[in-house]
Each structure stands twice: as C-alpha cells, then as structure tokens.
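Participant: Have a look at the structure that comes next, please.
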Amino acid sequence: MHTTLIAAAELAQHLTDPNWVIVDCRHDLANSDAGRDAYAAGHIQNARFAHLDLDLSGPKSGPDGIFRGRHPLPERHALIETLRRLGVNERSQVVAYDAHGGMFAARLWWLLRWIGHPAVAVLDGGLATWQAQGLPLVTPVAANPRGDIVEKPTLTRTVTAAELLLNLHDLQKTVVDARSPDRYRGENETLDPVGGHIPGARNRFFKDNLQADGRFKSGPELKREWTPLLDSAESSVMQCGSGVTACHNLLALELAGLHGAALYPGSWSEWCADPARPVARGAE
C-alpha cells in the first residue's frame with residue numbers, strides 16, 4: 001500500500017492494474033477550465049479527471065448563507081459519489097497527480113484520508129517527472145466501472161474558524177500558513193479581498209517542501225525543517241488561502257513522520273470574510 005508518495009517508475013508498472021485508480025488533478029486558480037483542457041490534450045494512461053472546484057470542493061456558502069471559503073470541503077456523501085464515479089473501490093490504490101508539484105493532488109490525498117481510505121499516494125514530481133523519464137501521455141479516455149467505496153472512520157482532523165478564534169487567547173494550537181511569504185505578509189494579494197494572516201500564524205510556503213526538480217524533499221530533511229516550527233504535530237493546524245495547499249504541508253508532515261496535524265478547511269479566504277476576525281500583517 002502506498003500512503004504518501006509514489007515514484008513515476010513504479011506507477012508506470014500499474015497502469016492497467018484494475019485495483020489501481022489514477023486521478024488527474026491539474027488545475028489553474030485563474031482559469032477553471034485549464035485542468036480539464038490539459039487532461040484532454042494528454043494524460044497518464046487510464047487516468048480519470050477530478051476538478052478542484054466541482055469535484056474536490058463543496059458550495060462556497062452553507063445553508064445559512066455564510067461564506068465558507070473559496071474551496072470548502074465537499075459534503076461527505078457528495079465526495080463518496082464522486083469517488084465512486086471515478087471508479088474507486090474499497091480495495092483501490094489511488095494515485096493523484098498534477099503539474100504543480102502536488103499542489104492540487106495533495107487535496108485529493110487528504111480528502112481520501114478524511115473519509116478513511118489510507119491507500120492513496122501523490123505522484124512524486126507530477127507530470128514533469130513523468131515526462132522527464134520518457135513516460136508517455138495519451139488522449140483516449142478509458143471507460144471505468146463504477147466504484148463501491150464507502151466512508152470509514154476518518155484518518156484526519158479539522159478545526160473551525162471559531163476554534164481558531166478561541167485559540168488567539170490561549171495559543172494551545174500552532175497555526176501554519178502555507179501561502180507564499182508575500183501573501184502571508186499581506187502583500188500582492190490577488191485571490192482574497194483582504195491581505196494578511198491569522199494573528200500568531202507561522203509561515204511555511206508549501207513549495208519549500210520540494211526539491212529543485214519538483215519532487216518532495218526526503219523525510220529526514222523535512223523533519224529537520226518542520227520541527228522548529230511546531231510545538232508538536234498533534235497541536236498544529238495547517239491552513240493556506242482556501243484549504244488546498246495546506247494539504248501539501250500535511251503531506252510533508254506525514255513524510256517527515258510528524259503525524260496528527262489538523263486542517264483548517266476554510267483557511268484565509270473564510271477567515272478574512274468576517275470583518276470581526278482580527279488580521280495581522282507583516283512578518284509576524
């Protein structure tokens with residue numbers, strides 16, 4: 001079972017294995033059609049496509065009309081239906097990939113763990129590494145049988161904005177923001193209406209988890225880099241702009257052997273939507 005990363009060479013040996021489900025998670029935050037268009041132009045053999053906005057996220061506002069963030073979690077029943085449509089079974093080894101160093105693939109990795117499916121891994125280095133090794137892309141879309149996955153006890157944890165607001169007073173949790181340093185400081189904000197970060201949050205840009213070639217750093221190296229940021233993994237919360245790249249940091253923590261951190265799904269996009277919530281700017 002692969003539960004974190006898988007190398008391109010190993011994935012290439014399982015392209016026709018009926019117990020393996022490969023999911024293309026390519027996306028562009030500025031162009032919601034870009035991922036599907038890229039998939040149509042060429043994808044890994046037998047891969048299915050999952051859209052970040054339509055398949056891996058839920059409605060931006062709840063029944064109460066309150067904004068939940070740009071990429072809130074899907075309802076569990078909707079996620080199960082999506083996974084069944086993609087052909088995921090109880091016995092499936094799922095592999096997610098993208099063209100962005102795992103930026104979007106890690107979201108599917110986390111979501112499967114959220115509904116209790118541990119056999120999910122991200123293609124290390126994504127399509128860049130796949131193609132650098134001379135491995136092909138195809139255009140035909142293979143038919144896939146409907147899956148039968150069911151929800152099991154979760155392997156993850158989440159926290160709410162209300163919990164983090166309380167945390168501002170007792171600081172029991174270490175909050176880590178996965179956005180780029182400039183957006184963390186409140187500069188060059190183009191995705192959300194307010195720039196800045198949750199007071200007390202520390203910054204760990206998700207791209208710092210990667211080597212120059214786009215593959216993840218080794219577990220020991222990640223552990224050396226992450227340990228000074230955290231009091232403990234179990235008391236830590238990962239967030240970002242909308243709950244997507246925070247999953248990249250959660251994957252890095254798993255590789256580092258630092259287990260138990262939670263996700264704040266709404267992240268900065270939800271937090272800053274309520275003017276009553278405090279905002280910090282600058283490097284601290």
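By convention in this document, the chains of the structure tokens carry letters A, B, ... by their order, each chain's residues are numbered from 1, and ligands are numbered from 1 in the order they are shown.
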Using 10 Å as the limit and counting only C-alpha atoms, can you tabulate each residue of range 174-235 of chain A that touches range 87-102 of chain A, with its shortest atom-to-atom distance in Å and the two atoms involved, as JSON lines?

Facilitator:
```
{"residue": "A:Phe206", "atom": "CA", "partner": "A:Gly101", "partner_atom": "CA", "distance": 9.6}
{"residue": "A:Lys207", "atom": "CA", "partner": "A:Gly101", "partner_atom": "CA", "distance": 7.9}
{"residue": "A:Asn209", "atom": "CA", "partner": "A:Gly101", "partner_atom": "CA", "distance": 9.4}
{"residue": "A:Leu210", "atom": "CA", "partner": "A:Gly101", "partner_atom": "CA", "distance": 7.4}
{"residue": "A:Gln211", "atom": "CA", "partner": "A:Gly101", "partner_atom": "CA", "distance": 9.6}
{"residue": "A:Asp213", "atom": "CA", "partner": "A:Gly101", "partner_atom": "CA", "distance": 9.1}
{"residue": "A:Gly214", "atom": "CA", "partner": "A:Gly101", "partner_atom": "CA", "distance": 5.3}
{"residue": "A:Arg215", "atom": "CA", "partner": "A:Gly101", "partner_atom": "CA", "distance": 6.7}
{"residue": "A:Phe216", "atom": "CA", "partner": "A:Gly101", "partner_atom": "CA", "distance": 8.0}
```

Participant: Would you mind listing what lies within 8 Å of Gly195 in chain A as JSON, numbers by chain, with only C-alpha atoms counted and same-chain residues fewer than 3 positions away left out?

Facilitator: {"A": [183, 184, 185, 186, 187, 188, 189, 192, 281]}

Participant: Can you spit out the residues from that selection as an mmCIF file, in the first residue's frame, using all heavy atoms?

Facilitator:
```
data_model
loop_
_atom_site.group_PDB
_atom_site.id
_atom_site.type_symbol
_atom_site.label_atom_id
_atom_site.label_comp_id
_atom_site.auth_asym_id
_atom_site.auth_seq_id
_atom_site.Cartn_x
_atom_site.Cartn_y
_atom_site.Cartn_z
ATOM 1 N N ARG A 183 2.186 36.945 0.349
ATOM 2 C CA ARG A 183 0.755 36.922 0.676
ATOM 3 C C ARG A 183 0.558 36.792 2.186
ATOM 4 O O ARG A 183 -0.364 37.397 2.751
ATOM 5 C CB ARG A 183 0.050 35.791 -0.061
ATOM 6 C CG ARG A 183 -0.081 36.010 -1.557
ATOM 7 C CD ARG A 183 -0.909 34.925 -2.203
ATOM 8 N NE ARG A 183 -2.284 34.965 -1.750
ATOM 9 C CZ ARG A 183 -3.077 33.896 -1.663
ATOM 10 N NH1 ARG A 183 -2.614 32.693 -1.987
ATOM 11 N NH2 ARG A 183 -4.324 34.013 -1.252
ATOM 12 N N TYR A 184 1.389 36.014 2.833
ATOM 13 C CA TYR A 184 1.328 35.902 4.295
ATOM 14 C C TYR A 184 1.489 37.274 4.948
ATOM 15 O O TYR A 184 0.774 37.619 5.893
ATOM 16 C CB TYR A 184 2.413 34.936 4.765
ATOM 17 C CG TYR A 184 2.667 34.927 6.254
ATOM 18 C CD1 TYR A 184 1.865 34.199 7.122
ATOM 19 C CD2 TYR A 184 3.733 35.652 6.794
ATOM 20 C CE1 TYR A 184 2.106 34.184 8.485
ATOM 21 C CE2 TYR A 184 3.986 35.646 8.160
ATOM 22 C CZ TYR A 184 3.175 34.910 9.001
ATOM 23 O OH TYR A 184 3.416 34.904 10.352
ATOM 24 N N ARG A 185 2.406 38.074 4.411
ATOM 25 C CA ARG A 185 2.647 39.406 4.979
ATOM 26 C C ARG A 185 1.536 40.390 4.645
ATOM 27 O O ARG A 185 1.474 41.485 5.204
ATOM 28 C CB ARG A 185 3.977 39.954 4.452
ATOM 29 C CG ARG A 185 5.205 39.211 4.942
ATOM 30 C CD ARG A 185 6.475 39.979 4.599
ATOM 31 N NE ARG A 185 6.626 40.189 3.159
ATOM 32 C CZ ARG A 185 7.325 39.398 2.347
ATOM 33 N NH1 ARG A 185 7.925 38.308 2.841
ATOM 34 N NH2 ARG A 185 7.427 39.677 1.065
ATOM 35 N N GLY A 186 0.646 40.017 3.711
ATOM 36 C CA GLY A 186 -0.427 40.918 3.306
ATOM 37 C C GLY A 186 -0.107 41.697 2.055
ATOM 38 O O GLY A 186 -0.812 42.662 1.719
ATOM 39 N N GLU A 187 0.910 41.264 1.309
ATOM 40 C CA GLU A 187 1.337 41.945 0.092
ATOM 41 C C GLU A 187 0.907 41.133 -1.140
ATOM 42 O O GLU A 187 0.823 39.917 -1.094
ATOM 43 C CB GLU A 187 2.859 42.093 0.085
ATOM 44 C CG GLU A 187 3.414 42.814 1.308
ATOM 45 C CD GLU A 187 4.918 42.606 1.480
ATOM 46 O OE1 GLU A 187 5.529 41.972 0.593
ATOM 47 O OE2 GLU A 187 5.458 43.069 2.497
ATOM 48 N N ASN A 188 0.639 41.825 -2.231
ATOM 49 C CA ASN A 188 0.358 41.178 -3.519
ATOM 50 C C ASN A 188 -0.813 40.197 -3.432
ATOM 51 O O ASN A 188 -0.808 39.164 -4.101
ATOM 52 C CB ASN A 188 1.612 40.445 -4.041
ATOM 53 C CG ASN A 188 2.816 41.355 -4.141
ATOM 54 O OD1 ASN A 188 2.697 42.496 -4.584
ATOM 55 N ND2 ASN A 188 3.977 40.865 -3.717
ATOM 56 N N GLU A 189 -1.796 40.525 -2.634
ATOM 57 C CA GLU A 189 -2.968 39.655 -2.503
ATOM 58 C C GLU A 189 -3.886 39.864 -3.700
ATOM 59 O O GLU A 189 -4.397 40.961 -3.918
ATOM 60 C CB GLU A 189 -3.714 39.945 -1.202
ATOM 61 C CG GLU A 189 -4.936 39.069 -0.980
ATOM 62 C CD GLU A 189 -4.601 37.594 -0.988
ATOM 63 O OE1 GLU A 189 -3.930 37.129 -0.051
ATOM 64 O OE2 GLU A 189 -5.004 36.926 -1.963
ATOM 65 N N ASP A 192 -7.908 36.953 -2.540
ATOM 66 C CA ASP A 192 -8.867 37.240 -1.469
ATOM 67 C C ASP A 192 -8.993 38.746 -1.268
ATOM 68 O O ASP A 192 -8.053 39.501 -1.567
ATOM 69 C CB ASP A 192 -8.432 36.547 -0.178
ATOM 70 C CG ASP A 192 -8.507 35.033 -0.307
ATOM 71 O OD1 ASP A 192 -9.580 34.528 -0.671
ATOM 72 O OD2 ASP A 192 -7.495 34.355 -0.073
ATOM 73 N N ARG A 281 -0.577 41.652 9.821
ATOM 74 C CA ARG A 281 0.191 41.907 8.605
ATOM 75 C C ARG A 281 1.656 42.024 8.948
ATOM 76 O O ARG A 281 2.039 42.242 10.091
ATOM 77 C CB ARG A 281 -0.300 43.171 7.897
ATOM 78 C CG ARG A 281 -1.736 43.063 7.388
ATOM 79 C CD ARG A 281 -2.178 44.291 6.606
ATOM 80 N NE ARG A 281 -3.514 44.090 6.047
ATOM 81 C CZ ARG A 281 -4.638 44.369 6.675
ATOM 82 N NH1 ARG A 281 -4.588 44.889 7.922
ATOM 83 N NH2 ARG A 281 -5.802 44.164 6.124
#
```

Participant: When you look at His51 in chain A with a cut-off of 10 Å (counting only C-alpha atoms), what residues show up, excluding the ones that are within fewer than 5 positions of it in the same chain? I need them as a tab-separated table (two decimals) with C-alpha atoms, in the first residue's frame.

Facilitator:
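Resulting contents of selection_34.tsv:
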```tsv
chain	number	residue	atom	x	y	z
A	23	VAL	CA	-6.65	10.66	-10.94
A	24	ASP	CA	-5.53	13.75	-12.83
A	25	CYS	CA	-5.96	16.78	-10.53
A	26	ARG	CA	-4.50	19.52	-12.71
A	27	HIS	CA	-5.98	22.97	-12.13
A	32	SER	CA	-11.01	26.85	-14.04
A	33	ASP	CA	-11.07	25.16	-17.47
A	34	ALA	CA	-7.31	24.77	-17.72
A	35	GLY	CA	-7.06	21.43	-15.92
A	36	ARG	CA	-9.75	19.72	-17.94
A	56	LEU	CA	-12.98	18.23	-4.68
A	57	SER	CA	-14.78	21.20	-3.11
A	104	PHE	CA	-3.68	20.11	-6.13
```

Participant: Using only C-alpha atoms, can you tell me which of A:Leu258, A:Ile198, A:Ile149, A:Asn249 comes closest to Pro220 in chain A?

Facilitator: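 Using only C-alpha atoms, the shortest distance to Pro220 in chain A belongs to A:Leu258.
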
Participant: So which residues touch Ala9 in chain A within 9 Å, counting only C-alpha atoms, skipping near sequence neighbours fewer than 4 positions away, as a list in words?

Facilitator: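 Listing them by chain and then by number gives Gln13, Trp130, Gln133 and Leu135 of chain A.
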
Participant: Quick one: of A:Asp177, A:Asp182, A:Glu221, A:Glu234, who's nearest to Tyr264 in chain A, counting only C-alpha atoms?

Facilitator: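 Closest residue, counting only C-alpha atoms: A:Asp177.
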
Participant: I'd like the neighbourhood of Ala47 in chain A as a list in words, where a residue qualifies if any of its atoms comes within 9 Å (using only C-alpha atoms), though same-chain residues fewer than 5 positions away should be ignored.

Facilitator: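 Once the adjacent positions are removed, what remains is Leu15, Val21, Ile22, Val23, Asp24, Tyr39, Val141 and Ala142 of chain A.
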
Participant: With only C-alpha atoms as the atoms that count, which of A:Ala246, A:Val237, A:Leu255, A:Ala280 lies nearest to Ala121 in chain A?

Facilitator: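 Ranking A:Ala246, A:Val237, A:Leu255, A:Ala280 by distance to Ala121 in chain A, first place goes to A:Leu255.
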
Participant: Can you work out the spacing between CA of Ala106 in chain A and CA of Leu251 in chain A in Å, to one decimal?

Facilitator: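 CA of Leu251 in chain A lies 6.9 Å from CA of Ala106 in chain A.
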
Participant: Could you check the closest approach to Phe49 in chain A for each of A:Ala78, A:Val150, A:Ala143, A:Leu11 and tell me which residue wins, using only C-alpha atoms?

Facilitator: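 Looking at the shortest contact to Phe49 in chain A, the residue is A:Ala143.
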
Participant: Which one of A:Asp28, A:Glu270, A:Asp208, A:Glu254 sits closest to Arg70 in chain A if you count only C-alpha atoms?

Facilitator: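 Once distances to Arg70 in chain A are computed over only C-alpha atoms, the minimum belongs to A:Glu270.
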